[in-house]
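Enquirer: Pasting run.txt below, which is compact mmCIF, C-alpha atoms and all ligand atoms.
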```txt
# COMPACT_ATOMS: atom_id res chain seq x y z
CA MET A 634 -10.36 17.71 -12.05
CA THR A 635 -9.40 14.15 -12.92
CA TYR A 636 -7.71 12.48 -9.98
CA LEU A 637 -5.45 9.63 -11.10
CA ASP A 638 -3.35 9.23 -7.95
CA ALA A 639 -5.25 6.65 -5.91
CA ASN A 640 -2.06 4.89 -4.78
CA ALA A 641 -1.09 8.12 -2.96
CA THR A 642 -4.49 8.48 -1.37
CA THR A 643 -8.08 7.80 -2.37
CA PRO A 644 -11.07 10.13 -2.27
CA PRO A 645 -13.31 9.15 0.64
CA ASP A 646 -16.36 7.23 -0.55
CA PRO A 647 -19.59 9.18 0.21
CA GLU A 648 -21.03 6.05 1.89
CA VAL A 649 -17.96 5.91 4.11
CA VAL A 650 -18.33 9.57 5.06
CA GLU A 651 -22.02 9.03 5.78
CA ALA A 652 -21.20 6.10 8.08
CA MET A 653 -18.56 8.00 10.05
CA LEU A 654 -20.28 11.40 10.40
CA PRO A 655 -22.57 10.52 13.35
CA PHE A 656 -19.45 9.44 15.26
CA LEU A 657 -17.97 12.92 14.79
CA THR A 658 -21.15 14.61 15.98
CA GLN A 659 -23.67 12.94 18.29
CA HIS A 660 -22.01 9.53 18.95
CA PHE A 661 -18.78 10.88 20.40
CA GLY A 662 -18.38 8.36 23.24
CA ASN A 663 -15.13 6.81 24.36
CA ALA A 664 -15.23 3.06 23.69
CA SER A 665 -13.71 2.43 27.14
CA SER A 666 -16.59 4.16 28.99
CA SER A 667 -19.26 1.97 30.53
CA HIS A 668 -22.19 4.36 29.98
CA SER A 669 -24.51 4.28 26.96
CA SER A 670 -22.37 6.56 24.78
CA GLY A 671 -19.31 4.47 25.52
CA ARG A 672 -21.15 1.23 24.82
CA ARG A 673 -22.40 2.61 21.49
CA ALA A 674 -18.81 3.50 20.51
CA ARG A 675 -17.67 0.01 21.57
CA ARG A 676 -20.34 -1.64 19.41
CA ALA A 677 -19.29 0.49 16.41
CA LEU A 678 -15.65 -0.42 17.03
CA GLU A 679 -16.37 -4.14 17.13
CA LYS A 680 -18.57 -3.98 14.04
CA ALA A 681 -15.72 -2.28 12.15
CA ARG A 682 -13.29 -4.92 13.41
CA GLY A 683 -15.51 -7.59 11.91
CA GLN A 684 -15.75 -5.72 8.61
CA VAL A 685 -11.97 -5.32 8.31
CA ALA A 686 -11.44 -8.97 9.32
CA GLY A 687 -13.93 -9.95 6.61
CA LEU A 688 -11.91 -8.15 3.94
CA ILE A 689 -8.91 -10.42 4.52
CA GLN A 690 -10.71 -13.56 5.82
CA ALA A 691 -9.27 -13.09 9.33
CA GLN A 692 -10.94 -13.47 12.71
CA PRO A 693 -12.03 -10.17 14.34
CA GLU A 694 -9.70 -10.74 17.30
CA GLU A 695 -6.77 -10.81 14.88
CA ILE A 696 -7.33 -7.15 13.91
CA ILE A 697 -5.74 -4.26 15.80
CA PHE A 698 -6.66 -0.71 14.79
CA THR A 699 -3.76 1.73 14.44
CA SER A 700 -3.17 5.25 13.15
CA GLY A 701 -2.15 3.95 9.72
CA ALA A 702 0.08 1.46 7.98
CA THR A 703 3.28 3.24 9.02
CA GLU A 704 2.42 2.54 12.66
CA SER A 705 1.36 -1.04 11.87
CA ILE A 706 4.66 -1.71 10.12
CA ALA A 707 6.77 -0.08 12.84
CA SER A 708 4.93 -2.08 15.51
CA VAL A 709 5.79 -5.40 13.87
CA VAL A 710 9.39 -4.54 13.02
CA PHE A 711 10.19 -3.19 16.50
CA PHE A 712 8.43 -6.10 18.17
CA ALA A 713 10.31 -8.73 16.15
CA GLN A 714 13.70 -7.27 16.98
CA GLN A 715 12.93 -7.08 20.69
CA GLU A 716 11.31 -10.49 20.86
CA TRP A 717 13.99 -12.55 19.13
CA PRO A 718 17.47 -11.16 19.91
CA GLU A 719 18.89 -14.59 19.09
CA ARG A 720 17.57 -14.17 15.53
CA PRO A 721 19.28 -10.95 14.38
CA LEU A 722 18.32 -11.11 10.68
CA LEU A 723 15.55 -9.10 8.98
CA ILE A 724 14.87 -9.73 5.28
CA ILE A 725 13.10 -7.19 3.08
CA SER A 726 13.03 -6.54 -0.68
CA THR A 727 14.66 -3.69 -2.60
CA VAL A 728 11.24 -2.23 -3.53
CA GLU A 729 9.71 -1.63 -0.10
CA HIS A 730 7.82 1.45 1.01
CA ALA A 731 9.77 3.99 3.09
CA ALA A 732 8.07 2.75 6.27
CA VAL A 733 9.81 -0.62 5.87
CA VAL A 734 13.04 0.84 4.43
CA GLU A 735 13.44 3.12 7.46
CA GLY A 736 12.34 0.41 9.89
CA ALA A 737 15.12 -1.78 8.46
CA ALA A 738 17.65 1.03 8.86
CA ARG A 739 16.62 1.33 12.53
CA TRP A 740 17.00 -2.45 12.87
CA GLU A 741 20.62 -2.11 11.72
CA GLN A 742 21.26 0.86 14.02
CA ARG A 743 20.17 -1.34 16.90
CA GLY A 744 22.72 -3.98 16.03
CA GLY A 745 20.66 -6.28 13.77
CA ARG A 746 21.44 -7.42 10.24
CA VAL A 747 19.29 -6.73 7.17
CA LYS A 748 19.35 -8.50 3.81
CA ARG A 749 17.62 -6.85 0.85
CA VAL A 750 16.32 -9.32 -1.73
CA PRO A 751 16.56 -8.02 -5.32
CA VAL A 752 13.77 -7.90 -7.89
CA ASP A 753 14.05 -8.71 -11.59
CA ALA A 754 13.60 -6.21 -14.45
CA HIS A 755 9.83 -6.51 -14.04
CA GLY A 756 9.96 -5.66 -10.35
CA PHE A 757 9.21 -9.23 -9.31
CA VAL A 758 10.89 -10.48 -6.12
CA GLN A 759 13.54 -13.12 -6.92
CA LEU A 760 12.58 -16.18 -4.94
CA GLU A 761 15.93 -17.90 -5.45
CA ALA A 762 17.61 -14.88 -3.87
CA LEU A 763 15.17 -15.01 -0.95
CA LYS A 764 15.90 -18.69 -0.49
CA ALA A 765 19.64 -17.97 -0.41
CA ALA A 766 19.19 -15.06 2.01
CA LEU A 767 17.17 -16.97 4.59
CA GLU A 768 19.30 -18.21 7.46
CA PRO A 769 17.32 -20.88 9.34
CA GLY A 770 17.22 -20.15 13.05
CA LYS A 771 18.75 -16.70 12.53
CA THR A 772 15.96 -14.92 10.62
CA ALA A 773 13.36 -13.25 12.81
CA LEU A 774 11.20 -11.64 10.15
CA VAL A 775 10.66 -11.38 6.40
CA SER A 776 8.80 -8.16 5.57
CA MET A 777 7.68 -7.79 1.97
CA ILE A 778 5.44 -5.43 0.07
CA TRP A 779 2.51 -7.43 -1.34
CA ALA A 780 1.69 -4.98 -4.13
CA ASN A 781 4.05 -2.19 -5.03
CA ASN A 782 2.76 1.36 -4.70
CA GLU A 783 4.79 2.66 -7.66
CA THR A 784 4.52 -0.11 -10.25
CA GLY A 785 1.57 -2.13 -8.95
CA VAL A 786 3.65 -5.32 -9.26
CA VAL A 787 2.27 -8.06 -7.01
CA SER A 788 4.71 -10.17 -5.00
CA PRO A 789 4.56 -13.99 -4.95
CA MET A 790 3.41 -13.89 -1.32
CA ALA A 791 2.38 -17.55 -1.07
CA GLU A 792 5.87 -18.67 -2.08
CA ILE A 793 7.51 -16.05 0.15
CA VAL A 794 5.53 -17.35 3.15
CA GLU A 795 6.38 -20.95 2.36
CA LEU A 796 10.12 -20.27 2.08
CA ALA A 797 10.20 -18.07 5.19
CA HIS A 798 8.25 -20.55 7.31
CA GLU A 799 10.51 -23.39 6.20
CA ALA A 800 13.42 -21.39 7.62
CA GLY A 801 11.52 -20.69 10.85
CA ALA A 802 11.00 -16.99 10.08
CA LEU A 803 7.72 -15.11 10.40
CA VAL A 804 6.28 -12.97 7.60
CA HIS A 805 4.89 -9.46 7.60
CA ALA A 806 3.05 -8.42 4.43
CA ASP A 807 2.61 -4.75 3.56
CA ALA A 808 -0.80 -5.16 1.93
CA VAL A 809 -1.64 -1.45 1.84
CA GLN A 810 -2.00 -1.35 -1.94
CA MET A 811 -3.77 -4.70 -2.22
CA ALA A 812 -6.84 -3.78 -0.21
CA GLY A 813 -9.82 -3.24 -2.47
CA LYS A 814 -7.80 -3.93 -5.60
CA LEU A 815 -7.21 -7.68 -5.42
CA PRO A 816 -8.64 -10.34 -3.10
CA LEU A 817 -6.81 -10.86 0.20
CA ASP A 818 -7.17 -14.12 2.11
CA VAL A 819 -4.93 -14.84 5.08
CA THR A 820 -6.25 -18.40 5.30
CA ALA A 821 -5.06 -19.14 1.75
CA VAL A 822 -1.79 -17.21 2.09
CA PRO A 823 -0.90 -17.63 5.76
CA VAL A 824 1.09 -14.46 6.47
CA ASP A 825 1.73 -13.86 10.17
CA TYR A 826 1.35 -10.08 10.22
CA LEU A 827 -0.28 -7.79 7.65
CA SER A 828 -0.64 -4.02 7.43
CA LEU A 829 -3.53 -2.02 5.98
CA SER A 830 -4.22 1.70 5.57
CA GLY A 831 -7.64 3.37 5.57
CA HIS A 832 -6.83 6.20 3.20
CA LYS A 833 -5.77 3.86 0.40
CA MET A 834 -9.22 2.25 0.37
CA HIS A 835 -11.58 5.26 0.37
CA ALA A 836 -11.58 5.92 4.12
CA PRO A 837 -9.92 9.02 5.60
CA LYS A 838 -6.29 9.41 6.62
CA GLY A 839 -5.05 8.58 10.12
CA VAL A 840 -6.52 5.12 10.53
CA GLY A 841 -5.07 1.74 9.71
CA ALA A 842 -5.05 -1.84 10.86
CA LEU A 843 -2.60 -4.54 11.78
CA PHE A 844 -3.50 -8.20 11.39
CA VAL A 845 -1.71 -10.47 13.86
CA SER A 846 -2.38 -14.14 13.27
CA ARG A 847 -3.58 -16.09 16.32
CA ARG A 848 -0.63 -18.44 15.73
CA VAL A 849 2.03 -15.83 16.52
CA PRO A 850 3.04 -13.60 19.44
CA PHE A 851 2.81 -9.83 19.53
CA ARG A 852 3.56 -7.13 22.05
CA PRO A 853 2.55 -3.51 21.57
CA LEU A 854 4.65 -0.59 20.47
CA LEU A 855 2.27 1.89 22.13
CA ILE A 856 1.61 1.23 25.79
CA GLY A 857 -0.70 3.02 28.20
CA GLY A 858 -4.41 2.54 28.75
CA GLY A 859 -4.45 -0.98 27.32
CA GLN A 860 -6.96 -0.38 24.52
CA GLU A 861 -7.28 -2.91 21.68
CA SER A 862 -7.02 -5.77 24.21
CA GLY A 863 -3.71 -4.38 25.44
CA ARG A 864 -2.18 -4.52 21.97
CA ARG A 865 -2.34 -0.83 21.03
CA SER A 866 -2.90 1.79 23.68
CA GLY A 867 -4.50 5.14 22.92
CA THR A 868 -8.16 6.14 22.79
CA GLU A 869 -9.56 4.62 19.62
CA ASN A 870 -10.28 6.90 16.64
CA ILE A 871 -13.89 5.74 16.42
CA PRO A 872 -14.96 7.89 13.42
CA GLY A 873 -11.89 6.77 11.47
CA ILE A 874 -12.35 3.14 12.49
CA VAL A 875 -16.05 3.17 11.54
CA ALA A 876 -15.00 4.64 8.19
CA MET A 877 -12.38 1.97 7.66
CA GLY A 878 -14.90 -0.73 8.50
CA LYS A 879 -17.37 0.60 5.96
CA ALA A 880 -14.59 1.01 3.39
CA ALA A 881 -13.55 -2.61 3.93
CA GLU A 882 -17.12 -3.76 3.37
CA LEU A 883 -17.41 -1.74 0.14
CA ALA A 884 -13.97 -2.85 -1.05
CA SER A 885 -14.97 -6.48 -1.09
CA THR A 886 -17.83 -5.76 -3.51
CA HIS A 887 -15.70 -3.74 -5.93
CA ASP A 888 -15.54 -4.96 -9.55
CA MET A 889 -11.82 -5.52 -10.06
CA LEU A 890 -12.21 -6.89 -13.59
CA ALA A 891 -13.86 -3.71 -14.86
CA GLN A 892 -11.07 -1.72 -13.23
CA ARG A 893 -8.43 -3.74 -15.07
CA GLU A 894 -10.18 -3.33 -18.42
CA LEU A 895 -10.33 0.43 -18.06
CA ARG A 896 -6.71 0.64 -16.92
CA ASP A 897 -5.63 -1.51 -19.88
CA GLU A 898 -7.53 0.70 -22.31
CA PHE A 899 -5.95 3.82 -20.78
CA GLU A 900 -2.52 2.24 -20.96
CA GLN A 901 -2.97 1.13 -24.57
CA ARG A 902 -3.87 4.67 -25.60
CA LEU A 903 -0.69 6.02 -24.04
CA LEU A 904 1.47 3.27 -25.55
CA ALA A 905 -0.04 3.75 -28.99
CA GLY A 906 0.37 7.53 -28.85
CA TRP A 907 3.99 7.74 -27.74
CA PRO A 908 6.76 5.91 -29.62
CA GLY A 909 9.08 4.09 -27.23
CA ALA A 910 6.68 4.33 -24.28
CA LEU A 911 7.20 1.53 -21.78
CA VAL A 912 5.02 0.26 -18.96
CA HIS A 913 6.94 -0.97 -15.91
CA GLY A 914 6.25 -4.46 -14.63
CA VAL A 915 4.11 -5.32 -17.64
CA ALA A 916 5.32 -8.93 -17.66
CA ALA A 917 4.65 -9.42 -13.93
CA PRO A 918 1.31 -9.81 -12.15
CA ARG A 919 0.08 -6.27 -11.49
CA LEU A 920 -2.65 -4.43 -9.62
CA PRO A 921 -5.63 -3.69 -11.85
CA ASN A 922 -5.48 0.07 -11.24
CA THR A 923 -1.83 1.09 -11.69
CA THR A 924 0.17 2.24 -14.71
CA SER A 925 3.77 3.28 -14.24
CA ILE A 926 4.90 4.45 -17.64
CA CYS A 927 8.07 5.94 -19.10
CA LEU A 928 7.46 8.44 -21.91
CA PRO A 929 10.97 8.87 -23.36
CA GLY A 930 11.98 12.49 -23.93
CA VAL A 931 9.41 13.85 -21.49
CA ASP A 932 10.43 15.51 -18.24
CA SER A 933 8.02 14.15 -15.64
CA ALA A 934 8.50 17.08 -13.24
CA GLY A 935 7.39 19.49 -16.00
CA MET A 936 4.56 17.14 -16.94
CA LEU A 937 3.25 17.04 -13.39
CA ILE A 938 2.97 20.84 -13.32
CA LEU A 939 1.36 21.12 -16.77
CA LEU A 940 -1.07 18.26 -16.13
CA ASP A 941 -2.04 19.79 -12.80
CA GLN A 942 -2.81 23.07 -14.60
CA ARG A 943 -4.95 21.10 -17.05
CA GLY A 944 -6.85 19.39 -14.25
CA ILE A 945 -5.11 15.99 -14.18
CA GLU A 946 -3.49 14.84 -10.96
CA CYS A 947 -0.98 11.98 -11.01
CA SER A 948 2.52 11.46 -9.71
CA GLY A 949 6.11 10.91 -10.76
CA GLY A 950 8.46 8.51 -8.96
CA SER A 951 7.19 7.76 -5.50
CA ALA A 952 3.82 9.10 -4.46
CA CYS A 953 4.40 9.04 -0.76
CA HIS A 954 7.14 11.60 -0.99
CA THR A 955 6.53 13.42 -4.25
CA ALA A 956 8.43 16.47 -2.98
CA SER A 957 11.59 14.36 -3.10
CA LEU A 958 13.83 14.86 -6.12
CA HIS A 959 15.55 11.50 -5.75
CA PRO A 960 14.88 9.04 -8.57
CA SER A 961 12.60 6.24 -7.51
CA HIS A 962 14.47 3.48 -5.64
CA VAL A 963 11.92 1.05 -7.06
CA LEU A 964 12.81 1.84 -10.68
CA GLU A 965 16.48 1.78 -9.72
CA ALA A 966 16.04 -1.70 -8.22
CA MET A 967 14.49 -2.80 -11.54
CA GLY A 968 17.65 -1.66 -13.34
CA TYR A 969 16.51 1.70 -14.73
CA ASP A 970 18.72 4.78 -14.59
CA ALA A 971 17.92 8.28 -13.32
CA ALA A 972 17.12 9.60 -16.82
CA HIS A 973 14.55 6.87 -17.32
CA ALA A 974 13.04 7.54 -13.90
CA SER A 975 12.78 11.26 -14.66
CA SER A 976 10.58 10.47 -17.68
CA THR A 977 8.26 8.24 -15.66
CA LEU A 978 4.73 9.03 -14.59
CA ARG A 979 2.46 6.99 -12.39
CA PHE A 980 -1.29 6.89 -12.86
CA SER A 981 -3.43 5.03 -10.36
CA LEU A 982 -7.18 4.74 -10.82
CA SER A 983 -9.93 4.01 -8.35
CA ARG A 984 -13.57 3.02 -8.55
CA MET A 985 -14.43 6.74 -8.28
CA ASN A 986 -13.05 7.40 -11.78
CA SER A 987 -15.45 7.29 -14.72
CA ARG A 988 -14.47 5.61 -17.97
CA ALA A 989 -15.03 8.85 -19.89
CA GLU A 990 -12.70 10.91 -17.70
CA VAL A 991 -9.95 8.28 -17.72
CA LEU A 992 -9.93 7.99 -21.51
CA ALA A 993 -10.14 11.76 -21.97
CA ALA A 994 -7.19 12.05 -19.57
CA ALA A 995 -5.12 9.70 -21.76
CA ASP A 996 -5.66 12.01 -24.76
CA GLU A 997 -4.84 15.10 -22.69
CA ILE A 998 -1.67 13.45 -21.31
CA LEU A 999 -0.41 12.73 -24.83
CA HIS A 1000 -1.32 16.22 -25.97
CA THR A 1001 0.53 17.75 -23.01
CA ALA A 1002 3.57 15.54 -23.52
CA LYS A 1003 3.84 16.62 -27.18
CA HIS A 1004 3.47 20.24 -26.15
CA LEU A 1005 6.21 19.89 -23.52
CA ARG A 1006 8.55 18.14 -25.93
CA GLU A 1007 8.10 20.96 -28.48
CA GLN A 1008 8.80 23.59 -25.82
CA MET A 1009 11.93 21.75 -24.72
CA SER A 1010 13.24 21.46 -28.29
CA VAL A 1011 12.78 25.22 -28.81
CA LEU A 1012 14.81 25.84 -25.66
CA ALA A 1013 17.51 23.32 -26.57
N1 LIG A 1101 2.99 0.88 2.54
C1 LIG A 1101 2.67 1.21 1.28
C2 LIG A 1101 2.87 0.21 0.18
C3 LIG A 1101 2.13 2.47 0.99
O1 LIG A 1101 1.82 2.78 -0.27
C4 LIG A 1101 1.94 3.37 2.05
C5 LIG A 1101 1.44 4.71 1.73
O2 LIG A 1101 1.89 5.73 2.13
C6 LIG A 1101 2.28 2.98 3.37
C7 LIG A 1101 2.81 1.72 3.56
C8 LIG A 1101 2.10 3.89 4.56
O3 LIG A 1101 0.72 3.99 4.87
P1 LIG A 1101 0.14 5.13 5.81
O4 LIG A 1101 0.02 6.37 4.97
O5 LIG A 1101 -1.20 4.62 6.26
O6 LIG A 1101 1.06 5.32 6.96
```
Is it possible to give me this structure as structure tokens?
Ligand code: PLP
Expert:
Amino acid sequence: MTYLDANATTPPDPEVVEAMLPFLTQHFGNASSSHSSGRRARRALEKARGQVAGLIQAQPEEIIFTSGATESIASVVFFAQQEWPERPLLIISTVEHAAVVEGAARWEQRGGRVKRVPVDAHGFVQLEALKAALEPGKTALVSMIWANNETGVVSPMAEIVELAHEAGALVHADAVQMAGKLPLDVTAVPVDYLSLSGHKMHAPKGVGALFVSRRVPFRPLLIGGGQESGRRSGTENIPGIVAMGKAAELASTHDMLAQRELRDEFEQRLLAGWPGALVHGVAAPRLPNTTSICLPGVDSAGMLILLDQRGIECSGGSACHTASLHPSHVLEAMGYDAAHASSTLRFSLSRMNSRAEVLAAADEILHTAKHLREQMSVLA
């Protein structure tokens, strides 16, 4: 099986699994207990906090562990609306993940206003439109995806932060797809809040992190026992957190250049083998692992089934809800129609893929696409 769907979820790294296993078996303590088992869990928790902080150049006390990025995002969005009723405006982009899209819808249901900043044909956030949307003194939060899960297009976060701060708004960055793929440094790009997800960086599902800069306020969404210094109640998922810590440590040593070279080679093979093939966001800065490609005349739903049968796993429109038949809102925001979206496939590599399997997959994808097109023309 060749797994080319790392933006949906990544295979756990064996080193990560090795690090977490003892915390599922013998080291099962509750980090709030004062006995030896509890203190061991606490030490593991704080080590992981340091490792995750290290990945983004934050201070350990700026990291809150959560159940995943969806919770991290919801925490920030709900907090901002409650905290600043006199600033009713939330600004997002048109290419956000569902966690932000739905958070914005809830913001509106609760009486707030939302502006959605468009992207250009390459999926790149239009800074002039952001500038025009910002209402100084009225904007509570700007929440933007740092790297897009479907196209891999990277947002101009430094400029977004500068514009938002000038208008007195705080910035939340959805950095889920950045972690382990491109460097993240919150001292160089001073976002106020930032969300991360364990399962997108070779740790298991059900663990995530929220960075809250020391400069800005925060109050928890989940209240109760006061864990995470009162900022996220609930007994900590120590095995998951240990895994995320290890994953963060490994992510910072990952060779991103080699990843980009392999992705480019894979992409070139597909482009050369299919007349009219088009890679989305090719003129914008992109993640080194992602290829979103339209193969005209190919039905991506049929391709997904055939490729799966041939041992290649990838996705169509949006990975996080592949069961959905709606065309991708990201491609729509870039100006593509439903027909174009239904011929689009997304391949996302990780460091667990070998060069040989990725290049063999490119040949198999072309072979399968030709086969499917022939079948369709017989039926037509
Ligand atoms: N943001 C982006 C860009 C994502 O790709 C995902 C993935 O599903 C999420 C947020 C949600 O992350 P999680 O699965 O940890 O809730």
Enquirer: Identify, on the basis of all atoms listed in the file, every residue whose closest approach to Leu760 in chain A does not exceed 12 Å; exclude the query and any residue fewer than 5 positions from it along the same chain; express the result as a list in words.
Expert: Ser726, Val750, Pro751, Val752, Asp753, Ala765, Ala766, Leu767, Met777, Ser788, Pro789, Met790, Ala791, Glu792, Ile793, Val794, Glu795, Leu796 and Ala797 of chain A
Enquirer: Hey, can you check how far CA of Phe980 in chain A sits from CA of Val758 in chain A?
Expert: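 Separation of CA of Phe980 in chain A and CA of Val758 in chain A: 22.3 Å.
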Enquirer: By how many Å are CA of His887 in chain A and CA of Leu920 in chain A apart?
Expert: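 Calculated distance between CA of His887 in chain A and CA of Leu920 in chain A is 13.6 Å.
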Enquirer: What's around Pro918 in chain A at 10 Å? Count all atoms listed in the file, leave out sequence neighbours fewer than 4 positions away in its own chain, and write the answer as a ChimeraX atom specification.
Expert: /A:755-757,780,785-789,914
Enquirer: Dump as a JSON list (two decimals) with C-alpha atoms, in the frame of the given file all residues having an atom at most 10 Å from (19.0, -12.5, 15.0), computed in the file's coordinates with all atoms listed in the file.
Expert:
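Dumped to point.json:
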```json
[["chain", "number", "residue", "atom", "x", "y", "z"],
["A", 713, "ALA", "CA", 10.31, -8.73, 16.15],
["A", 714, "GLN", "CA", 13.70, -7.27, 16.98],
["A", 715, "GLN", "CA", 12.93, -7.08, 20.69],
["A", 716, "GLU", "CA", 11.31, -10.49, 20.86],
["A", 717, "TRP", "CA", 13.99, -12.55, 19.13],
["A", 718, "PRO", "CA", 17.47, -11.16, 19.91],
["A", 719, "GLU", "CA", 18.89, -14.59, 19.09],
["A", 720, "ARG", "CA", 17.57, -14.17, 15.53],
["A", 721, "PRO", "CA", 19.28, -10.95, 14.38],
["A", 722, "LEU", "CA", 18.32, -11.11, 10.68],
["A", 723, "LEU", "CA", 15.55, -9.10, 8.98],
["A", 744, "GLY", "CA", 22.72, -3.98, 16.03],
["A", 745, "GLY", "CA", 20.66, -6.28, 13.77],
["A", 746, "ARG", "CA", 21.44, -7.42, 10.24],
["A", 747, "VAL", "CA", 19.29, -6.73, 7.17],
["A", 768, "GLU", "CA", 19.30, -18.21, 7.46],
["A", 770, "GLY", "CA", 17.22, -20.15, 13.05],
["A", 771, "LYS", "CA", 18.75, -16.70, 12.53],
["A", 772, "THR", "CA", 15.96, -14.92, 10.62],
["A", 773, "ALA", "CA", 13.36, -13.25, 12.81],
["A", 774, "LEU", "CA", 11.20, -11.64, 10.15]]
```
Enquirer: Considering only C-alpha atoms, state which residue in the set A:Ala641, A:Ile874, A:Val963, A:Ala916 is at the smallest distance from Glu679 in chain A.
Expert: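 Smallest separation from Glu679 in chain A among the options: A:Ile874.
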Enquirer: Suppose you want the space between CA of Ser669 in chain A and CA of Phe844 in chain A; what is it in Å?
Expert: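 These two atoms are separated by 29.0 Å.
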Enquirer: Return the single residue from A:Trp907, A:Phe698, A:Phe899, A:Tyr636 that is closest to ligand LIG 1101 (chain A), with distances computed using all atoms listed in the file.
Expert: A:Phe698
Enquirer: Give the answer as one residue: which of A:Arg739, A:His832, A:Arg672, A:Arg896 has the shortest atom-to-atom distance to ligand LIG 1101 (chain A), using all atoms listed in the file?
Expert: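 Ranking A:Arg739, A:His832, A:Arg672, A:Arg896 by distance to ligand LIG 1101 (chain A), first place goes to A:His832.
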Enquirer: When you look at Cys947 in chain A with a cut-off of 10 Å (counting all atoms listed in the file), what residues show up, excluding the ones that are within fewer than 6 positions of it in the same chain? I need them as a list of chain:residue names.
Expert: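 Counting all atoms listed in the file, the residues come to A:Thr635, A:Tyr636, A:Leu637, A:Asp638, A:Ala639, A:Asn640, A:Ala641, A:Met936, A:Leu937, A:Ile938, A:Leu940, A:Asp941, A:Leu978, A:Arg979, A:Phe980, A:Ser981, A:Leu982.
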Enquirer: What do you get as number ranges by chain if you pick all residues at most 10 Å from ligand LIG 1101 (chain A), counting all atoms listed in the file?
Expert: A: 639-642, 699-707, 728-733, 777-783, 785, 806-811, 828-833, 837-842, 951-954
Enquirer: Go through A:Val734, A:Leu827, A:Ala821, A:Val649 one by one, measure the shortest atom-to-atom distance of each to Ile697 in chain A using all atoms listed in the file, and give the residue with the smallest value.
Expert: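 Among the listed residues, A:Leu827 lies closest to Ile697 in chain A.
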